[in-house]
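In what follows, a structure is listed as structure tokens, so that the remarks can point back to it.
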Amino acid sequence: MHKNDICSWCWGFSCRMVNEGAGGPRSRRGSHKVVPSSDQDGTGAERATGEVPCPSNGTVEVEHIISAKLQLKKKAEHLKADLMRQFDTQVNEFMDSLIEESASLDSSHVSTVFPLSEKEKSKLRVTQPPQGQSKQFVIRRSLLDDLFEVNHIRTIYHMFIALLILFIFSTLVVDFIDEGRLVLEFDLLVYAFGQFPLVVVTWMCMFLSTLVVPYVLLSVWANVYPTSNHQGLWTVLAGSLLLLYQGLCLGFLPTYVVLKNGLPPASCFILILEQVRLIMKAHSFIRENVPRVRSLERSKTNSVAVPQFTQYIYFLFAPTLIYRDNYPRNPCIRWGYVAIQFSQVLGCLFYAYYIFVRLCIPQFRSISMQLFDLRAMVLCVFNSILPGVLVLFLAFFAFLHCWLNAFAEMLRFGDRMFYKDWWNSTSFANYYRTWNVVVHDWLYYYVYRDFLWMTQKRFRAAAMLVVFTVSAVVHEYVLAICFGFFYPVLFCLFMCFGMVFNFVLNDRRKGPIWNVIMWTALFLGQGVLICLYSQEWYAQRFCPIQEPSFIDLLKPRSWTCSP
């Protein structure tokens with residue numbers, strides 16, 4: 001073959017490849033089809049076939065090659081994105097199924113592979129979680145720790161820091177203009193955390209009582225129950241003492257201290273939230289260990305059934321509300337990581353301080369001096385969305401990420417899944433499950449699952465209603481005690497709109513538009529909460545009642561206050 005013929009054949013082959021890449025995949029027969037044309041320059045063939053003309057001299061037009069390459073690159077990018085999404089979905093499904101399968105393994109499956117002695121089988125049977133309580137703890141990092149390694153997500157974190165710097169700078173400039181000097185007193189923080197020594201003493205009493213009473217009651221009951229002829233009587237007696245302790249020491253004492261001494265909001269939140277946490281911890285400890293004691297035979301010893309005291313102490317400090325004898329542990333403590341988390345908690349406190357000083361206090365102080373007006377109320381709600389959303393983000397980041405990760409690191413607690421990607425939720429049902437995994441697990445296993453067990457799985461809707469009611473009542477109780485007034489805005493949002501959204505915006509709703517709807521409702525709800533609670537706070541100060549009746553305590557003061 002002549003050299004010029006070889007070159008022409010090569011150029012023709014490259015032209016066909018470019019045409020196929022630019023025009024999409026073709027059948028092998030169509031790609032070799034010859035279209036006759038009478039035009040000498042090939043333009044007629046181009047119009048008939050849509051292919052790039054290849055002159056007889058073997059040259060190809062550069063612009064067609066560039067467009068073909070761009071189209072191929074775009075197709076490759078779409079294909080890469082689709083493959084990554086499918087791969088991520090399959091990996092998540094595989095890990096979930098692997099965890100479920102590992103949870104379903106019992107001692108009989110283990111013994112078929114590894115022969116165990118009777119003592120080892122008994123110990124394995126006793127230390128396993130009760131049937132149906134399938135919460136599995138595995139070593140995993142918090143989601144934000146992984147996301148912050150991506151530069152794009154880290155930039156969002158830097159943007160919030162820049163916004164904090166601007167808040168600080170604007171506050172300093174305004175104070176310098178008004179006062180003629182720099183004001184660095186932080187009087188709002190000092191007021192919010194007032195009477196802190198009393199808070200510490202009260203917390204110590206609560207913690208020590210929780211450390212001693214539930215463990216001693218369980219130990220005494222476990223020693224008597226297996227060999228007693230009056231097991232029901234001992235069970236009722238121990239349960240009554242536990243309820244009496246929780247009602248008086250954990251329920252009444254902190255609330256009395258808060259109301260009697262008029263503690264400021266931040267100090268109230270510390271005591272009341274710790275009160276709720278310790279009650280939930282004690283319930284989980286008893287709930288997980290009582291079935292193990294009752295499952296023992298009357299002639300067997302119960303020394304294995306009662307956990308060691310050190311295990312109970314570890315559970316009281318561990319960042320989880322589900323008791324287990326042992327948790328997965330990390331090999332070492334990164335003290336630098338602990339310092340960073342606590343410093344970020346401190347930074348969030350100052351962030352919240354500047355949000356209230358710059359965005360909330362000036363607005364609500366003036367609005368509270370006016371009578372109730374619909375226009376002013378609507379403006380107040382929409383002006384409260386920005387500070388409300390910022391406070392929501394700060395509360396999530398400071399507590400669910402920084403605070404819990406700091407304690408998890410100090411305790412070498414391996415499972416750091418305190419939250420999931422709630423920001424990607426397309427339904428409120430998914431948002432409730434992923435916003436606070438720690439509390440959700442407790443509600444799911446000890447309220448929802450236990451209610452279904454008691455009703456023999458016949459009333460799932462009623463079980464969900466009970467969960468919403470318990471959550472709404474506890475949230476409203478915390479706010480009422482800490483703010484010093486009863487204004488059930490959060491309770492109404494929980495029980496009315498929360499329940500409706502949970503069924504309407506359910507898990508069948510997919511797509512970006514539902515995520516937009518979820519965020520819109522969340523933003524609006526935060527604006528309503530900040531606006532109404534702030535107005536009521538100032539109305540309670542501007543329009544006090546010397547001897548309020550019971551009706552006055554239930555009626556919002558902001559509806560009738562006119563200073």
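Residues in the structure tokens are numbered from 1 in each chain, the chains being A, B, ... in the order shown, and ligands are numbered from 1 in the order shown.
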I want to know what sits within 12 Å of range 462-470 of chain A, based on only C-alpha atoms, with residues of the same chain fewer than 5 positions away left out; could you give that as a PyMOL selection string? chain A and resi 429+432+439-457+475-477+490-500+502-503
Can you write out the residues you just picked, keeping N, CA and C atoms, as a compact mmCIF listing (two decimals), in the first residue's frame?
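Output saved as again.txt:
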# COMPACT_ATOMS: atom_id res chain seq x y z
N ALA A 429 -40.23 13.60 59.01
CA ALA A 429 -40.00 12.32 59.68
C ALA A 429 -38.52 11.99 59.72
N TYR A 432 -36.67 14.45 62.18
CA TYR A 432 -36.79 14.09 63.60
C TYR A 432 -35.86 12.94 63.97
N VAL A 439 -31.10 11.45 71.65
CA VAL A 439 -32.44 11.47 72.24
C VAL A 439 -33.40 10.60 71.44
N HIS A 440 -33.26 10.60 70.14
CA HIS A 440 -34.16 9.79 69.31
C HIS A 440 -34.04 8.30 69.66
N ASP A 441 -32.83 7.83 69.88
CA ASP A 441 -32.66 6.42 70.24
C ASP A 441 -33.38 6.10 71.55
N TRP A 442 -33.28 6.98 72.53
CA TRP A 442 -33.96 6.74 73.80
C TRP A 442 -35.48 6.71 73.60
N LEU A 443 -36.02 7.65 72.87
CA LEU A 443 -37.46 7.68 72.62
C LEU A 443 -37.91 6.47 71.82
N TYR A 444 -37.09 6.06 70.89
CA TYR A 444 -37.48 4.93 70.03
C TYR A 444 -37.50 3.62 70.81
N TYR A 445 -36.46 3.36 71.60
CA TYR A 445 -36.35 2.06 72.27
C TYR A 445 -37.18 1.98 73.54
N TYR A 446 -37.31 3.09 74.28
CA TYR A 446 -37.95 3.03 75.60
C TYR A 446 -39.35 3.60 75.64
N VAL A 447 -39.76 4.29 74.59
CA VAL A 447 -41.14 4.80 74.53
C VAL A 447 -41.89 4.12 73.39
N TYR A 448 -41.39 4.27 72.17
CA TYR A 448 -42.08 3.72 71.01
C TYR A 448 -42.10 2.18 71.03
N ARG A 449 -40.92 1.55 71.16
CA ARG A 449 -40.85 0.09 71.13
C ARG A 449 -41.54 -0.54 72.35
N ASP A 450 -41.35 0.05 73.52
CA ASP A 450 -42.00 -0.51 74.72
C ASP A 450 -43.52 -0.36 74.66
N PHE A 451 -43.98 0.75 74.08
CA PHE A 451 -45.43 0.92 73.93
C PHE A 451 -45.99 -0.14 72.98
N LEU A 452 -45.29 -0.40 71.88
CA LEU A 452 -45.74 -1.45 70.96
C LEU A 452 -45.70 -2.83 71.63
N TRP A 453 -44.69 -3.06 72.47
CA TRP A 453 -44.61 -4.34 73.17
C TRP A 453 -45.78 -4.51 74.14
N MET A 454 -46.14 -3.46 74.85
CA MET A 454 -47.25 -3.55 75.79
C MET A 454 -48.59 -3.71 75.09
N THR A 455 -48.73 -3.14 73.90
CA THR A 455 -49.99 -3.25 73.16
C THR A 455 -49.94 -4.35 72.10
N GLN A 456 -48.90 -5.17 72.13
CA GLN A 456 -48.74 -6.28 71.18
C GLN A 456 -48.74 -5.79 69.73
N LYS A 457 -48.09 -4.64 69.49
CA LYS A 457 -47.86 -4.08 68.15
C LYS A 457 -49.16 -3.81 67.39
N HIS A 475 -40.00 19.31 76.30
CA HIS A 475 -39.47 20.56 75.76
C HIS A 475 -40.17 21.77 76.37
N GLU A 476 -41.48 21.71 76.47
CA GLU A 476 -42.23 22.84 77.04
C GLU A 476 -41.94 23.00 78.53
N TYR A 477 -41.77 21.90 79.23
CA TYR A 477 -41.41 21.95 80.65
C TYR A 477 -40.07 22.66 80.84
N LEU A 490 -43.92 26.31 71.73
CA LEU A 490 -43.21 25.14 71.23
C LEU A 490 -44.08 23.88 71.30
N PHE A 491 -44.89 23.76 72.36
CA PHE A 491 -45.78 22.61 72.48
C PHE A 491 -46.79 22.58 71.34
N CYS A 492 -47.35 23.72 71.01
CA CYS A 492 -48.32 23.78 69.91
C CYS A 492 -47.66 23.47 68.57
N LEU A 493 -46.45 24.00 68.36
CA LEU A 493 -45.74 23.70 67.11
C LEU A 493 -45.42 22.22 67.00
N PHE A 494 -45.04 21.62 68.14
CA PHE A 494 -44.72 20.19 68.15
C PHE A 494 -45.96 19.35 67.86
N MET A 495 -47.01 19.58 68.64
CA MET A 495 -48.17 18.70 68.59
C MET A 495 -49.08 18.98 67.39
N CYS A 496 -49.09 20.21 66.89
CA CYS A 496 -49.96 20.53 65.76
C CYS A 496 -49.20 20.40 64.44
N PHE A 497 -48.33 21.36 64.19
CA PHE A 497 -47.62 21.37 62.91
C PHE A 497 -46.63 20.21 62.82
N GLY A 498 -45.96 19.88 63.92
CA GLY A 498 -45.00 18.78 63.89
C GLY A 498 -45.65 17.46 63.53
N MET A 499 -46.79 17.17 64.13
CA MET A 499 -47.50 15.93 63.82
C MET A 499 -48.00 15.92 62.38
N VAL A 500 -48.54 17.04 61.93
CA VAL A 500 -49.06 17.11 60.56
C VAL A 500 -47.93 16.92 59.56
N ASN A 502 -45.15 15.49 60.02
CA ASN A 502 -44.58 14.14 60.11
C ASN A 502 -45.33 13.16 59.21
N PHE A 503 -46.65 13.36 59.04
CA PHE A 503 -47.42 12.46 58.20
C PHE A 503 -47.52 12.96 56.76
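Comparing the minimum interatomic distances between Tyr314 in chain A and each of A:Val200, A:Phe542, A:Asn326, A:Pro387, counting only C-alpha atoms, we find that A:Asn326 sits nearest.
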For Arg140 in chain A, please output as a short mmCIF file (atom, residue, chain, number, x, y, z; two decimals) with N, CA and C atoms, in the first residue's frame all residues within 8 Å (counting only C-alpha atoms; exclusion window: fewer than 5 positions along the same chain).
data_model
loop_
_atom_site.label_atom_id
_atom_site.label_comp_id
_atom_site.auth_asym_id
_atom_site.auth_seq_id
_atom_site.Cartn_x
_atom_site.Cartn_y
_atom_site.Cartn_z
N GLY A 414 -16.14 5.34 71.26
CA GLY A 414 -15.89 5.20 69.84
C GLY A 414 -17.01 5.63 68.92
N ASP A 415 -18.26 5.45 69.32
CA ASP A 415 -19.39 5.74 68.44
C ASP A 415 -19.76 7.21 68.54
N ARG A 416 -19.41 7.98 67.53
CA ARG A 416 -19.64 9.43 67.55
C ARG A 416 -20.83 9.84 66.68
N MET A 417 -21.73 8.94 66.37
CA MET A 417 -22.87 9.30 65.54
C MET A 417 -23.95 9.92 66.43
#
Compare A:Gly388, A:Pro265, A:Pro214, A:Pro548 by their minimum atom-to-atom distance to Leu359 in chain A, counting only C-alpha atoms, and give me the closest one.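 With only C-alpha atoms as the atom set, the closest residue is A:Gly388.
Closest approach to Leu172 in chain A among A:Phe193, A:Phe186, A:Phe399, A:Trp423: A:Phe186, based on only C-alpha atoms.
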Quick one: everything within 12 Å of Leu379 in chain A, counting only C-alpha atoms, minus sequence neighbours fewer than 4 positions away in the same chain. Send it as a PyMOL selection string. chain A and resi 363-364+367+373-375+383-385+527-528+531-532
Save out the residues we just selected, all heavy atoms, as a JSON list (two decimals), in the first residue's frame.
[["chain", "number", "residue", "atom", "x", "y", "z"],
["A", 363, "GLN", "N", -34.49, 45.10, 69.00],
["A", 363, "GLN", "CA", -35.77, 44.95, 68.32],
["A", 363, "GLN", "C", -36.90, 44.67, 69.31],
["A", 363, "GLN", "O", -37.94, 45.34, 69.29],
["A", 363, "GLN", "CB", -35.69, 43.82, 67.30],
["A", 363, "GLN", "CG", -37.02, 43.47, 66.67],
["A", 363, "GLN", "CD", -36.92, 42.25, 65.77],
["A", 363, "GLN", "OE1", -35.84, 41.76, 65.49],
["A", 363, "GLN", "NE2", -38.08, 41.75, 65.33],
["A", 364, "PHE", "N", -36.71, 43.70, 70.20],
["A", 364, "PHE", "CA", -37.80, 43.28, 71.07],
["A", 364, "PHE", "C", -38.03, 44.25, 72.22],
["A", 364, "PHE", "O", -39.12, 44.32, 72.76],
["A", 364, "PHE", "CB", -37.53, 41.88, 71.60],
["A", 364, "PHE", "CG", -37.47, 40.84, 70.53],
["A", 364, "PHE", "CD1", -36.30, 40.14, 70.28],
["A", 364, "PHE", "CD2", -38.57, 40.58, 69.75],
["A", 364, "PHE", "CE1", -36.25, 39.19, 69.29],
["A", 364, "PHE", "CE2", -38.53, 39.63, 68.74],
["A", 364, "PHE", "CZ", -37.37, 38.94, 68.51],
["A", 367, "ILE", "N", -40.46, 46.67, 70.53],
["A", 367, "ILE", "CA", -41.74, 46.06, 70.18],
["A", 367, "ILE", "C", -42.58, 45.77, 71.41],
["A", 367, "ILE", "O", -43.81, 45.92, 71.41],
["A", 367, "ILE", "CB", -41.51, 44.77, 69.36],
["A", 367, "ILE", "CG1", -40.92, 45.12, 68.00],
["A", 367, "ILE", "CG2", -42.79, 43.97, 69.20],
["A", 367, "ILE", "CD1", -40.63, 43.91, 67.13],
["A", 373, "ASP", "N", -50.25, 44.11, 67.69],
["A", 373, "ASP", "CA", -50.64, 44.59, 66.37],
["A", 373, "ASP", "C", -50.24, 43.53, 65.35],
["A", 373, "ASP", "O", -49.12, 43.00, 65.40],
["A", 373, "ASP", "CB", -49.96, 45.92, 66.06],
["A", 373, "ASP", "CG", -50.33, 46.43, 64.67],
["A", 373, "ASP", "OD1", -51.50, 46.81, 64.47],
["A", 373, "ASP", "OD2", -49.45, 46.43, 63.79],
["A", 374, "LEU", "N", -51.13, 43.21, 64.42],
["A", 374, "LEU", "CA", -50.87, 42.13, 63.46],
["A", 374, "LEU", "C", -49.69, 42.46, 62.56],
["A", 374, "LEU", "O", -48.83, 41.61, 62.30],
["A", 374, "LEU", "CB", -52.12, 41.88, 62.62],
["A", 374, "LEU", "CG", -52.01, 40.76, 61.57],
["A", 374, "LEU", "CD1", -51.68, 39.42, 62.25],
["A", 374, "LEU", "CD2", -53.29, 40.66, 60.75],
["A", 375, "ARG", "N", -49.63, 43.70, 62.08],
["A", 375, "ARG", "CA", -48.51, 44.08, 61.20],
["A", 375, "ARG", "C", -47.19, 43.99, 61.94],
["A", 375, "ARG", "O", -46.19, 43.45, 61.41],
["A", 375, "ARG", "CB", -48.73, 45.50, 60.68],
["A", 375, "ARG", "CG", -47.60, 45.99, 59.77],
["A", 375, "ARG", "CD", -47.88, 47.40, 59.27],
["A", 375, "ARG", "NE", -46.80, 47.88, 58.42],
["A", 375, "ARG", "CZ", -45.67, 48.41, 58.87],
["A", 375, "ARG", "NH1", -45.49, 48.53, 60.21],
["A", 375, "ARG", "NH2", -44.72, 48.81, 58.03],
["A", 383, "ASN", "N", -38.40, 39.24, 60.96],
["A", 383, "ASN", "CA", -37.12, 39.79, 61.42],
["A", 383, "ASN", "C", -36.41, 38.86, 62.40],
["A", 383, "ASN", "O", -35.20, 38.99, 62.62],
["A", 383, "ASN", "CB", -37.34, 41.14, 62.09],
["A", 383, "ASN", "CG", -37.75, 42.21, 61.09],
["A", 383, "ASN", "OD1", -37.43, 42.13, 59.89],
["A", 383, "ASN", "ND2", -38.45, 43.23, 61.56],
["A", 384, "SER", "N", -37.16, 37.91, 62.97],
["A", 384, "SER", "CA", -36.57, 36.98, 63.94],
["A", 384, "SER", "C", -36.03, 35.71, 63.28],
["A", 384, "SER", "O", -35.43, 34.88, 63.97],
["A", 384, "SER", "CB", -37.61, 36.59, 64.99],
["A", 384, "SER", "OG", -38.11, 37.73, 65.66],
["A", 385, "ILE", "N", -36.26, 35.55, 61.98],
["A", 385, "ILE", "CA", -35.82, 34.32, 61.32],
["A", 385, "ILE", "C", -34.30, 34.22, 61.33],
["A", 385, "ILE", "O", -33.74, 33.15, 61.64],
["A", 385, "ILE", "CB", -36.38, 34.27, 59.88],
["A", 385, "ILE", "CG1", -37.89, 34.03, 59.93],
["A", 385, "ILE", "CG2", -35.69, 33.18, 59.07],
["A", 385, "ILE", "CD1", -38.54, 34.00, 58.56],
["A", 527, "GLY", "N", -38.33, 31.58, 63.58],
["A", 527, "GLY", "CA", -38.74, 32.97, 63.72],
["A", 527, "GLY", "C", -39.90, 33.15, 64.67],
["A", 527, "GLY", "O", -39.93, 34.09, 65.48],
["A", 528, "VAL", "N", -40.88, 32.25, 64.61],
["A", 528, "VAL", "CA", -42.03, 32.32, 65.52],
["A", 528, "VAL", "C", -41.59, 32.13, 66.96],
["A", 528, "VAL", "O", -42.02, 32.85, 67.87],
["A", 528, "VAL", "CB", -43.08, 31.26, 65.11],
["A", 528, "VAL", "CG1", -44.17, 31.15, 66.17],
["A", 528, "VAL", "CG2", -43.70, 31.62, 63.76],
["A", 531, "CYS", "N", -39.54, 35.22, 68.22],
["A", 531, "CYS", "CA", -40.38, 36.41, 68.33],
["A", 531, "CYS", "C", -41.32, 36.32, 69.54],
["A", 531, "CYS", "O", -41.34, 37.22, 70.39],
["A", 531, "CYS", "CB", -41.18, 36.59, 67.04],
["A", 531, "CYS", "SG", -42.42, 37.90, 67.11],
["A", 532, "LEU", "N", -42.09, 35.23, 69.65],
["A", 532, "LEU", "CA", -43.10, 35.15, 70.69],
["A", 532, "LEU", "C", -42.49, 35.01, 72.09],
["A", 532, "LEU", "O", -42.96, 35.66, 73.04],
["A", 532, "LEU", "CB", -44.04, 33.98, 70.40],
["A", 532, "LEU", "CG", -44.88, 34.10, 69.12],
["A", 532, "LEU", "CD1", -45.83, 32.92, 68.99],
["A", 532, "LEU", "CD2", -45.65, 35.41, 69.10]]
Write out as a PyMOL selection string all residues of range 210-374 of chain A that backbone DSSP assigns to alpha helix (DSSP H). chain A and resi 210-224+231-245+253-261+265-294+309-317+335-355+361-367+374
Best match for closeness to Phe428 in chain A among A:Lys69, A:Arg287, A:Arg509, A:Arg458, counting only C-alpha atoms: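 Among A:Lys69, A:Arg287, A:Arg509, A:Arg458, it is A:Arg509 that comes nearest to Phe428 in chain A.
Of the listed residues A:Leu316, A:Ile177, A:Leu263, A:Ile66, the one whose atoms come nearest to Ser209 in chain A is A:Leu316, with distances taken using only C-alpha atoms.
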What does the distance between CA of Tyr354 in chain A and CA of Asp178 in chain A come to in Å, to one decimal place?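 So the two atoms, CA of Tyr354 in chain A and CA of Asp178 in chain A, lie 16.9 Å apart.
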